[in-house]
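Following: one structure in structure tokens, then a few remarks.
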Amino acid sequence: MRNMINTNKMLIRFIAALTGVVCSFIGLRGIYAKCADDSDNTVKVIAYGGIGNSKGETTVQQIEDDIIYLNNKGYSPVFISELADCLNNEGDLPDKAVILSFDGGYSQYYSDIFPLLKKYRFKADITVLGEATEYASNSADDNQRFLRWDEIREMDGSGLVEFSNGTYSMWNKMEFEKEDYETYEQYRSRIVSDIGKVQMIFQQNCGFEPSVFTYPNGKANDFSSRLVKHLGFKAAVEIDNKSVRLQEKNKTDTYHIKRYDRCRIKDISAFFS
């Protein structure tokens with residue numbers, strides 16, 4: 001009888017030990033699965049260069065189709081500033097985060113794109129060109145090509161649009177680069193004056209300053225990215241047709257956030273295949 005009891009005790013201990021090993025194995029598999037799922041932990045930022053049928057532009061219908069596709073696939077729209085917070089370990093992003101980014105500060109972003117954002121409750125980033133916005137705001141012509149301050153204030157108040165500083169008057173890559181004859185201090189003074197003017201007029205007309213900067217023509221250099229960082233921007237974006245990497249080991253620099261050029265492809269699904 002005593003031998004039987006001892007045998008039963010040993011059997012119970014063996015089963016308990018085996019159960020522990022199995023549970024540990026299952027736990028390790030769960031951890032491994034999570035790591036495997038996170039192996040492609042990236043975010044895509046899609047850049048639009050204007051609305052229309054010309055080269056470098058996208059039609060309103062294409063943009064609506066893009067939003068419908070992203071909604072149907074379960075993507076969650078976020079702002080570039082939110083992406084920057086995540087990269088700086090200061091915030092989290094929802095699953096399948098995605099960003100739509102519109103360059104050029106065109107008035108059609110208010111007349112044609114803003115209604116789509118409200119219809120689908122979709123967020124987007126819009127770059128503002130300081131000189132063009134001031135001119136449009138002071139003009140009596142209702143057919144101006146660029147956004148006005150009252151339109152910017154309305155979109156900002158919706159919570160669906162984040163605005164980026166796209167410089168005051170340096171709209172192309174060549175103007176934004178350091179000239180051979182310039183010292184670094186001369187270059188710095190020119191760039192700081194231009195970008196700072198946009199921050200100032202935003203504060204005067206809208207009561208806030210953009211925390212994101214858009215490099216002219218989507219191109220950055222070592223000098224410009226250093227200046228943008230020192231000016232206090234949270235992030236800066238360029239175009240390089242690459243995903244933003246969130247992994248700690250290969251994390252994307254917040255002042256070199258890459259975007260995909262939407263006009264290069266026929267269907268947005270090509271970015272997500």
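Ordering of the structure tokens sets the chain letters (A, B, ...), residue numbers begin anew at 1 in every chain, and ligands are numbered from 1 in the order given.
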
Hey, what's within 8 Å of His256 (chain A) if we count only C-alpha atoms and toss same-chain stuff fewer than 5 positions away? As a list in words, please? Ala220, Ser225, Ala235, Ala236, Val237 and Glu238 of chain A

Please, could you write that set of residues out with C-alpha atoms as a PDB file, in the first residue's frame?
ATOM      1  CA  ALA A 220      17.347  66.912 -47.376  1.00  0.00           C
ATOM      2  CA  SER A 225      18.489  68.396 -41.327  1.00  0.00           C
ATOM      3  CA  ALA A 235      10.110  65.822 -37.326  1.00  0.00           C
ATOM      4  CA  ALA A 236      10.954  66.476 -40.966  1.00  0.00           C
ATOM      5  CA  VAL A 237       9.852  64.623 -44.087  1.00  0.00           C
ATOM      6  CA  GLU A 238      11.398  63.884 -47.456  1.00  0.00           C
TER       7      GLU A 238
END

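Secondary structure of region 86-169 of chain A, strand (DSSP E) only (DSSP, backbone atoms): Ala97, Val98, Ile99, Leu100, Ser101, Phe102, Ala124, Asp125, Ile126, Thr127, Val128, Val161, Glu162, Phe163, Ser164 and Asn165 of chain A.
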
Grab the residues selected above and save them as a PDB file, in the first residue's frame with N, CA and C atoms.
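What follows is the written file part38.pdb:
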ATOM      1  N   ALA A  97      -0.831  51.564 -38.727  1.00  0.00           N
ATOM      2  CA  ALA A  97      -0.846  53.022 -38.893  1.00  0.00           C
ATOM      3  C   ALA A  97      -0.401  53.395 -40.306  1.00  0.00           C
ATOM      4  N   VAL A  98      -0.964  54.488 -40.824  1.00  0.00           N
ATOM      5  CA  VAL A  98      -0.607  54.987 -42.149  1.00  0.00           C
ATOM      6  C   VAL A  98      -0.768  56.498 -42.144  1.00  0.00           C
ATOM      7  N   ILE A  99      -0.026  57.182 -43.028  1.00  0.00           N
ATOM      8  CA  ILE A  99      -0.085  58.649 -43.087  1.00  0.00           C
ATOM      9  C   ILE A  99      -0.241  59.107 -44.527  1.00  0.00           C
ATOM     10  N   LEU A 100      -1.184  60.041 -44.742  1.00  0.00           N
ATOM     11  CA  LEU A 100      -1.320  60.718 -46.033  1.00  0.00           C
ATOM     12  C   LEU A 100      -0.757  62.129 -45.879  1.00  0.00           C
ATOM     13  N   SER A 101       0.104  62.521 -46.807  1.00  0.00           N
ATOM     14  CA  SER A 101       0.806  63.794 -46.711  1.00  0.00           C
ATOM     15  C   SER A 101       0.674  64.557 -48.029  1.00  0.00           C
ATOM     16  N   PHE A 102       0.174  65.800 -47.959  1.00  0.00           N
ATOM     17  CA  PHE A 102      -0.098  66.594 -49.154  1.00  0.00           C
ATOM     18  C   PHE A 102       0.845  67.799 -49.217  1.00  0.00           C
ATOM     19  N   ALA A 124      -4.882  63.679 -42.135  1.00  0.00           N
ATOM     20  CA  ALA A 124      -3.868  63.928 -43.164  1.00  0.00           C
ATOM     21  C   ALA A 124      -2.972  65.078 -42.737  1.00  0.00           C
ATOM     22  N   ASP A 125      -1.768  65.106 -43.294  1.00  0.00           N
ATOM     23  CA  ASP A 125      -0.831  66.219 -43.104  1.00  0.00           C
ATOM     24  C   ASP A 125      -0.792  67.056 -44.371  1.00  0.00           C
ATOM     25  N   ILE A 126      -0.773  68.377 -44.203  1.00  0.00           N
ATOM     26  CA  ILE A 126      -0.728  69.295 -45.350  1.00  0.00           C
ATOM     27  C   ILE A 126       0.414  70.284 -45.153  1.00  0.00           C
ATOM     28  N   THR A 127       1.253  70.427 -46.165  1.00  0.00           N
ATOM     29  CA  THR A 127       2.352  71.382 -46.128  1.00  0.00           C
ATOM     30  C   THR A 127       1.878  72.752 -46.595  1.00  0.00           C
ATOM     31  N   VAL A 128       2.296  73.788 -45.876  1.00  0.00           N
ATOM     32  CA  VAL A 128       1.918  75.170 -46.214  1.00  0.00           C
ATOM     33  C   VAL A 128       3.152  75.938 -46.680  1.00  0.00           C
ATOM     34  N   VAL A 161      -6.563  67.516 -39.600  1.00  0.00           N
ATOM     35  CA  VAL A 161      -5.445  67.986 -40.423  1.00  0.00           C
ATOM     36  C   VAL A 161      -4.328  68.523 -39.537  1.00  0.00           C
ATOM     37  N   GLU A 162      -3.113  68.119 -39.872  1.00  0.00           N
ATOM     38  CA  GLU A 162      -1.908  68.666 -39.241  1.00  0.00           C
ATOM     39  C   GLU A 162      -1.129  69.409 -40.318  1.00  0.00           C
ATOM     40  N   PHE A 163      -0.615  70.586 -39.974  1.00  0.00           N
ATOM     41  CA  PHE A 163       0.090  71.402 -40.965  1.00  0.00           C
ATOM     42  C   PHE A 163       1.595  71.380 -40.758  1.00  0.00           C
ATOM     43  N   SER A 164       2.310  71.368 -41.883  1.00  0.00           N
ATOM     44  CA  SER A 164       3.766  71.355 -41.876  1.00  0.00           C
ATOM     45  C   SER A 164       4.296  72.657 -42.469  1.00  0.00           C
ATOM     46  N   ASN A 165       5.466  73.058 -42.004  1.00  0.00           N
ATOM     47  CA  ASN A 165       6.170  74.223 -42.521  1.00  0.00           C
ATOM     48  C   ASN A 165       6.922  73.807 -43.781  1.00  0.00           C
TER      49      ASN A 165
END

Contact residues around region 249-252 of chain A with only C-alpha atoms at 8 Å, ignoring same-chain residues under 5 positions, as a VMD selection string: chain A and resid 87 244 257

Using only C-alpha atoms, find each residue in region 70-142 of chain A having at least one atom no more than 12 Å away from region 170-181 of chain A; report its shortest atom-to-atom pair and that distance in Å (one decimal), rows by chain then rising number, as JSON lines.
{"residue": "A:Asp103", "atom": "CA", "partner": "A:Trp171", "partner_atom": "CA", "distance": 10.7}
{"residue": "A:Gly104", "atom": "CA", "partner": "A:Trp171", "partner_atom": "CA", "distance": 8.7}
{"residue": "A:Gly105", "atom": "CA", "partner": "A:Trp171", "partner_atom": "CA", "distance": 11.1}
{"residue": "A:Thr127", "atom": "CA", "partner": "A:Trp171", "partner_atom": "CA", "distance": 11.4}
{"residue": "A:Val128", "atom": "CA", "partner": "A:Trp171", "partner_atom": "CA", "distance": 10.7}
{"residue": "A:Leu129", "atom": "CA", "partner": "A:Trp171", "partner_atom": "CA", "distance": 7.8}
{"residue": "A:Gly130", "atom": "CA", "partner": "A:Met170", "partner_atom": "CA", "distance": 9.6}
{"residue": "A:Glu131", "atom": "CA", "partner": "A:Met170", "partner_atom": "CA", "distance": 9.4}
{"residue": "A:Ala132", "atom": "CA", "partner": "A:Trp171", "partner_atom": "CA", "distance": 10.2}

Which residue gives the smallest distance to Asn88 (chain A) among A:Lys55, A:Lys234, A:Arg153, A:Lys123, with only C-alpha atoms counted? A:Lys234

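Among A:Asp66, A:Ala136, A:Cys206, A:Ile113, the residue with the shortest atom-to-atom distance to Gly157 (chain A), counting only C-alpha atoms, is A:Cys206.
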
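Excluding Lys242 (chain A) itself and any same-chain residue fewer than 5 positions from it, the protein and nucleic acid residues within 9 Å of it, counting only C-alpha atoms, are Lys44, Val45, Ile257, Lys258, Arg259 and Tyr260 of chain A.
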
Write the residues of the selection above to a file with N, CA and C atoms, as a compact mmCIF listing (two decimals), in the first residue's frame.
# COMPACT_ATOMS: atom_id res chain seq x y z
N LYS A 44 4.01 53.36 -43.46
CA LYS A 44 4.14 53.99 -44.78
C LYS A 44 3.51 55.37 -44.75
N VAL A 45 4.26 56.34 -45.30
CA VAL A 45 3.78 57.71 -45.44
C VAL A 45 3.63 57.96 -46.94
N ILE A 257 12.28 61.32 -42.22
CA ILE A 257 11.14 60.43 -42.41
C ILE A 257 10.84 60.32 -43.90
N LYS A 258 10.89 59.10 -44.40
CA LYS A 258 10.72 58.85 -45.84
C LYS A 258 9.23 58.78 -46.20
N ARG A 259 8.93 59.21 -47.42
CA ARG A 259 7.56 59.11 -47.93
C ARG A 259 7.58 58.48 -49.32
N TYR A 260 6.48 57.82 -49.66
CA TYR A 260 6.30 57.25 -50.99
C TYR A 260 5.63 58.28 -51.90

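One distance worth recording is that between CA of Thr42 (chain A) and CA of Lys96 (chain A), which is 8.7 Å.
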
Counting only C-alpha atoms, which residue out of A:Arg226, A:Gly91, A:Met200, A:Gln108 sits closest to Thr59 (chain A)? A:Gln108
